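Structure, as structure tokens:
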Amino acid sequence: TTKPKLSIQDQRRSLPIFANRNKLLGLIKSHETLIIVGETGCGKTTQIPQYIHSARLEESGCIGITQPRRVAAISIAKRVAQEHGGGMDVGDLVGYTVRFEDVTSKKTKIKYLTDGMLLREAMFDKLLMNYTVIILDEAHERTIHTDVLFGVVKNAQKKRKERNIAPLKILIMSATMDVDHFSSYFNNCRAVYLEGRTYPVNMYYTIKPHDDYQTACVSTFFKIHREAPPNYDVLIFLTGQEEIEAVAHQIRILSKDPEVEGPPLKIFTLFGAQPSTMQLSVFQPVPEGHRKVVISTNIAETSVTISGIRYIIDSGMVKVRSFHPATGLEMLKIQRISQEQAWQRTGRAGRDSEGCCYRLYTRSQFELMSKSSTPEIQRANLNSVVLQLLALGIQAQYFDFMSKPPPDAVAAALEQLKLLGAIEDTENSKLTEIGRKMTKFPLDPRFSKILLTAQQYGCLEEALIVVAFLSGESVLLNPSSRKEQAQIVRQKFCSGYGDHVTLLNIYREFSNVGQSNKRAWCHEHFINMRNILNVREIRSQLEEICKSCDIPSSSCGSQMDLLRKCLISGLFMNVAELNRDRQYVALHKRQAVCIHPSSVLHGQQPHLVLFTEVVQTSKCYLRNLSTVEAEWLLEVAPDYFKHVNIRTK
Ligand code: ADP
Ligand code: MG
């Protein structure tokens, strides 16, 4: 039973939203703010902007559609450009803007952008005059940026009305949301519900809890693979790149076992750090008689829809960013999903026909899950957002948030901004010269601070490279089958000073390799070529911003002490020391932590380390580290360290 292949225009016409397009356009025309709720995959994100454009509702302005994830913004813009056709590429009528990448032009009328980028635009144009229509998509995700945008966009609409200038239309879209809450925030605006098409999904829970959900994913997959007919595709939800690659690898190896019977397999992975060409290939149908298996993060939950999926394997886990004002640490944490997320994942099996969902948790574990996820604004580090709001002339304490952030998190952010020198003091949070410069960088204020102090240490060149690495995706490839080999060939880059200097060494050698040999060099050293080229691009964009802030270029050559001191100037709250029991504790509020095995310092036990990131699984692991000296701490960040006890060696 194969469906005939539809042309791209027929695909558009076959979407559930198509039959309602005139009614929908009528509502969009007659309401200044409208909530649109419709099943994932019904066509909201790809079609509605095209309908609006074909009716020329945007007039002389543009239609901006926000997405919480860059992957989604890019892949959807490419798809819509293709749908629109007429020999136009992405960047013409349809474009996208994500951090460090702007693929738009004067011709662009339909612009997909991450919520973070629209917020940056608002810093330079509070009334968002480029836009006549703003669509806040995936509103249920409640990312910190979307939550701030709700207030910013609402205010821009009001101000434009008061001043009687080009009205701003706001659409809020999602597959699932608390409509009453959203509607009351947006002045009791109207909500429309779009019909979707869904088929029943059979659900299975595990009887006993699994202690290893990765292994459970693999064994559940093979159970399905042996029984299900070809072209019954499978979607597996996991939490991040490492897990996804490990499971893909195991499935690939095991499927080659002659004992395993099943149709030929095509394995696809989907996660944020991936090159976008790879992400697009996942949408292509696989040949007749094959089976597609897609292993994805929660991006496939509501942001993108892959057709042909009949089976879902839900690990029940997700990686989230969370901040604990009590410990001052922000971490990436792997935790249970909410019930709402579980239902969204399940629904992905019932888009084209009946499906099955294997939940790798028990029914009672499901019942213990929270109903919906906590908005990010109530669990993340707020220093960046508080600074952005200040640039908009708004004090976070008085902002019209849909859900208020916890007061101690706002206080912690103000405290941190004060220590970074971005504001005068925590009561009168007026931006300083440094603070104003910080807002020019699309970076966490801690990283902007590093670049702004680099002049003092004469290491701007090195700081730019390190900050670019920390802002891009990982360049190190570690294929499970050749992990050891990768480590051996990259050994020569490893520095006793830690991961930052190691990355710098990689970059320096990469730059010295001739253009025509770069690909071979990357291959030989297990370096992701696209990602390192992206680091180079980020570096040059940051360099431009530094120039505009009048920071002269400088290099510290081989004096790595200067670079590491410079890193302390932004990351002083991220220092851990080895205690008498040979355990690490973060100096800030003394949380127990340990060095992640991926670090070059793993197993070395230096006395003091500066870290960039914390990942919490069974323990709190520190990633991307540098060794530092005790006396530097007081020298570089005296205001902070005068209150902190550091053990002498
Ligand atoms: P919604 O926003 O309502 O969840 P979308 O507009 O994202 O829905 O998707 C509508 C349809 O377009 C889906 O059926 C999906 O399969 C298809 N689609 C989206 N992106 C692509 C792509 N890159 N290639 C092929 N089909 C796509
Ligand atoms: Mg969508």
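The chains in the structure tokens are called A, B, ... from first to last as shown; in each chain the residues are counted from 1, and the ligands are counted from 1 in the order shown.
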
- Write out as number ranges by chain each polymer residue (protein, DNA or RNA) that has an atom no more than 12 Å from ligand 2, with only C-alpha atoms and all ligand atoms counted. A: 36-49, 65-69, 72-73, 75-77, 112, 135-141, 172-176, 299-306

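Residues within 9 Å of Pro285 in chain A, counting only C-alpha atoms and excluding same-chain residues fewer than 6 positions away, are Lys292, Ser307 and Gly308 of chain A.
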
- Message: Excluding Glu32 in chain A and its own-chain neighbours fewer than 2 positions away, which residues fall within 10 Å of it when counting only C-alpha atoms? Please give them as a PyMOL selection string.
- Response: chain A and resi 27-30+34+133+157+167-171+189-190

- Task: Find the spatial neighbours of range 614-619 of chain A, counting only C-alpha atoms, within a cut-off of 6 Å - ignore same-chain residues fewer than 5 positions away - and output them as a ChimeraX atom specification.
- Result: /A:331-333

Write a file of the selected residues as a PDB file, in the first residue's frame, keeping all heavy atoms.
ATOM      1  N   MET A 331      22.556  24.825  34.982  1.00  0.00           N
ATOM      2  CA  MET A 331      22.958  23.557  34.393  1.00  0.00           C
ATOM      3  C   MET A 331      22.010  23.058  33.335  1.00  0.00           C
ATOM      4  O   MET A 331      20.849  23.412  33.281  1.00  0.00           O
ATOM      5  CB  MET A 331      23.052  22.440  35.426  1.00  0.00           C
ATOM      6  CG  MET A 331      22.767  22.819  36.801  1.00  0.00           C
ATOM      7  SD  MET A 331      23.379  21.503  37.850  1.00  0.00           S
ATOM      8  CE  MET A 331      22.862  22.150  39.378  1.00  0.00           C
ATOM      9  N   LEU A 332      22.594  22.170  32.527  1.00  0.00           N
ATOM     10  CA  LEU A 332      21.779  21.406  31.591  1.00  0.00           C
ATOM     11  C   LEU A 332      21.435  20.137  32.346  1.00  0.00           C
ATOM     12  O   LEU A 332      22.308  19.429  32.811  1.00  0.00           O
ATOM     13  CB  LEU A 332      22.603  21.068  30.359  1.00  0.00           C
ATOM     14  CG  LEU A 332      22.898  22.252  29.475  1.00  0.00           C
ATOM     15  CD1 LEU A 332      23.923  21.890  28.424  1.00  0.00           C
ATOM     16  CD2 LEU A 332      21.619  22.736  28.825  1.00  0.00           C
ATOM     17  N   LYS A 333      20.168  19.875  32.452  1.00  0.00           N
ATOM     18  CA  LYS A 333      19.757  18.800  33.324  1.00  0.00           C
ATOM     19  C   LYS A 333      18.878  17.841  32.528  1.00  0.00           C
ATOM     20  O   LYS A 333      18.010  18.282  31.770  1.00  0.00           O
ATOM     21  CB  LYS A 333      18.919  19.441  34.432  1.00  0.00           C
ATOM     22  CG  LYS A 333      18.819  18.672  35.679  1.00  0.00           C
ATOM     23  CD  LYS A 333      18.260  19.619  36.734  1.00  0.00           C
ATOM     24  CE  LYS A 333      17.426  18.865  37.725  1.00  0.00           C
ATOM     25  NZ  LYS A 333      16.717  19.773  38.603  1.00  0.00           N
TER      26      LYS A 333
END

- Message: Measuring between only C-alpha atoms, which one of A:Ile538, A:Ile309, A:Ala216, A:Ala422 shows the shortest distance to Tyr199 in chain A?
- Response: A:Ile309

Taking only C-alpha atoms into account, produce a table as JSON lines in which each residue of range 354-449 of chain A with an atom at most 12 Å from an atom of range 456-470 of chain A appears once, together with its shortest atom pair and the distance in Å to one decimal, ordered by chain and rising number.
{"residue": "A:Phe441", "atom": "CA", "partner": "A:Val467", "partner_atom": "CA", "distance": 11.4}
{"residue": "A:Pro442", "atom": "CA", "partner": "A:Ala468", "partner_atom": "CA", "distance": 11.3}
{"residue": "A:Leu443", "atom": "CA", "partner": "A:Val467", "partner_atom": "CA", "distance": 9.1}
{"residue": "A:Asp444", "atom": "CA", "partner": "A:Val467", "partner_atom": "CA", "distance": 10.3}
{"residue": "A:Pro445", "atom": "CA", "partner": "A:Val467", "partner_atom": "CA", "distance": 11.7}
{"residue": "A:Arg446", "atom": "CA", "partner": "A:Val467", "partner_atom": "CA", "distance": 10.2}
{"residue": "A:Phe447", "atom": "CA", "partner": "A:Val467", "partner_atom": "CA", "distance": 6.6}
{"residue": "A:Ser448", "atom": "CA", "partner": "A:Val467", "partner_atom": "CA", "distance": 8.7}
{"residue": "A:Lys449", "atom": "CA", "partner": "A:Ala463", "partner_atom": "CA", "distance": 10.6}

Could those residues be written to a file, using all heavy atoms, as an mmCIF file, in the first residue's frame?
data_model
loop_
_atom_site.group_PDB
_atom_site.id
_atom_site.type_symbol
_atom_site.label_atom_id
_atom_site.label_comp_id
_atom_site.auth_asym_id
_atom_site.auth_seq_id
_atom_site.Cartn_x
_atom_site.Cartn_y
_atom_site.Cartn_z
ATOM 1 N N PHE A 441 26.743 42.586 21.902
ATOM 2 C CA PHE A 441 27.142 41.223 21.539
ATOM 3 C C PHE A 441 25.958 40.259 21.692
ATOM 4 O O PHE A 441 25.261 40.318 22.712
ATOM 5 C CB PHE A 441 28.266 40.741 22.466
ATOM 6 C CG PHE A 441 29.556 41.477 22.294
ATOM 7 C CD1 PHE A 441 29.818 42.628 23.022
ATOM 8 C CD2 PHE A 441 30.516 41.023 21.403
ATOM 9 C CE1 PHE A 441 31.009 43.320 22.873
ATOM 10 C CE2 PHE A 441 31.715 41.710 21.253
ATOM 11 C CZ PHE A 441 31.967 42.854 21.983
ATOM 12 N N PRO A 442 25.766 39.370 20.733
ATOM 13 C CA PRO A 442 24.689 38.378 20.897
ATOM 14 C C PRO A 442 25.173 37.232 21.784
ATOM 15 O O PRO A 442 25.183 36.071 21.385
ATOM 16 C CB PRO A 442 24.437 37.909 19.457
ATOM 17 C CG PRO A 442 25.747 38.086 18.771
ATOM 18 C CD PRO A 442 26.457 39.228 19.448
ATOM 19 N N LEU A 443 25.635 37.563 22.971
ATOM 20 C CA LEU A 443 26.275 36.574 23.839
ATOM 21 C C LEU A 443 25.755 36.717 25.254
ATOM 22 O O LEU A 443 25.243 37.767 25.641
ATOM 23 C CB LEU A 443 27.784 36.841 23.898
ATOM 24 C CG LEU A 443 28.625 36.697 22.642
ATOM 25 C CD1 LEU A 443 30.036 37.200 22.923
ATOM 26 C CD2 LEU A 443 28.663 35.248 22.172
ATOM 27 N N ASP A 444 25.965 35.691 26.045
ATOM 28 C CA ASP A 444 25.738 35.782 27.469
ATOM 29 C C ASP A 444 26.656 36.899 27.992
ATOM 30 O O ASP A 444 27.802 37.015 27.561
ATOM 31 C CB ASP A 444 26.128 34.435 28.103
ATOM 32 C CG ASP A 444 25.852 34.408 29.587
ATOM 33 O OD1 ASP A 444 26.569 35.086 30.371
ATOM 34 O OD2 ASP A 444 24.918 33.704 29.988
ATOM 35 N N PRO A 445 26.143 37.742 28.918
ATOM 36 C CA PRO A 445 26.964 38.855 29.402
ATOM 37 C C PRO A 445 28.342 38.416 29.920
ATOM 38 O O PRO A 445 29.309 39.168 29.828
ATOM 39 C CB PRO A 445 26.132 39.431 30.550
ATOM 40 C CG PRO A 445 24.740 38.998 30.302
ATOM 41 C CD PRO A 445 24.800 37.734 29.500
ATOM 42 N N ARG A 446 28.453 37.197 30.420
ATOM 43 C CA ARG A 446 29.749 36.740 30.923
ATOM 44 C C ARG A 446 30.767 36.618 29.799
ATOM 45 O O ARG A 446 31.944 36.897 29.967
ATOM 46 C CB ARG A 446 29.598 35.391 31.636
ATOM 47 C CG ARG A 446 28.845 35.526 32.954
ATOM 48 C CD ARG A 446 28.425 34.201 33.519
ATOM 49 N NE ARG A 446 27.359 33.602 32.708
ATOM 50 C CZ ARG A 446 26.713 32.502 33.050
ATOM 51 N NH1 ARG A 446 27.025 31.867 34.159
ATOM 52 N NH2 ARG A 446 25.755 32.021 32.272
ATOM 53 N N PHE A 447 30.290 36.187 28.634
ATOM 54 C CA PHE A 447 31.207 36.066 27.492
ATOM 55 C C PHE A 447 31.521 37.433 26.894
ATOM 56 O O PHE A 447 32.637 37.698 26.476
ATOM 57 C CB PHE A 447 30.629 35.139 26.418
ATOM 58 C CG PHE A 447 30.524 33.707 26.846
ATOM 59 C CD1 PHE A 447 29.591 32.852 26.268
ATOM 60 C CD2 PHE A 447 31.356 33.191 27.824
ATOM 61 C CE1 PHE A 447 29.489 31.530 26.649
ATOM 62 C CE2 PHE A 447 31.274 31.865 28.222
ATOM 63 C CZ PHE A 447 30.332 31.035 27.641
ATOM 64 N N SER A 448 30.515 38.325 26.851
ATOM 65 C CA SER A 448 30.773 39.676 26.356
ATOM 66 C C SER A 448 31.838 40.330 27.231
ATOM 67 O O SER A 448 32.724 41.026 26.744
ATOM 68 C CB SER A 448 29.520 40.543 26.394
ATOM 69 O OG SER A 448 28.399 39.824 26.006
ATOM 70 N N LYS A 449 31.732 40.082 28.540
ATOM 71 C CA LYS A 449 32.693 40.699 29.464
ATOM 72 C C LYS A 449 34.110 40.236 29.145
ATOM 73 O O LYS A 449 35.059 41.029 29.161
ATOM 74 C CB LYS A 449 32.320 40.336 30.914
ATOM 75 C CG LYS A 449 33.266 40.868 31.981
ATOM 76 C CD LYS A 449 33.208 42.387 32.091
ATOM 77 C CE LYS A 449 34.279 42.950 33.014
ATOM 78 N NZ LYS A 449 33.955 42.844 34.418
#

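Residues of range 295-338 of chain A assigned to strand (DSSP E or B) by DSSP on this structure's backbone: Ile295, Ser296, Ile309, Arg310, Tyr311, Ile312, Ile313, Asp314, Met317, Val318, Lys319, Val320, Arg321, Ser322, Phe323, His324, Leu329, Glu330, Met331, Leu332, Lys333, Ile334, Gln335 and Arg336 of chain A.
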
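The closest residue to ligand 1, picked from A:Lys111, A:Arg351, A:Lys266, A:His290 and counting only C-alpha atoms and all ligand atoms, is A:Arg351.
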
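The interatomic distance for the pair CA of Arg226 in chain A and atom 22 (C, counted along the ligand's line) of ligand 1 works out to 28.5 Å.
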
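Using only C-alpha atoms and all ligand atoms, the shortest contact distance between ligand 1 and any of A:Lys418, A:Lys404, A:Lys565, A:Arg197 is found at A:Arg197.
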
- From A:Thr206, A:Arg359, A:Gln250, A:Leu149, residue lying nearest Val385 in chain A [only C-alpha atoms]: A:Leu149

- Between A:Leu194, A:Ile165, A:Val286, A:Met177, which one has atoms that come closest to ligand 1, using only C-alpha atoms and all ligand atoms? A:Leu194
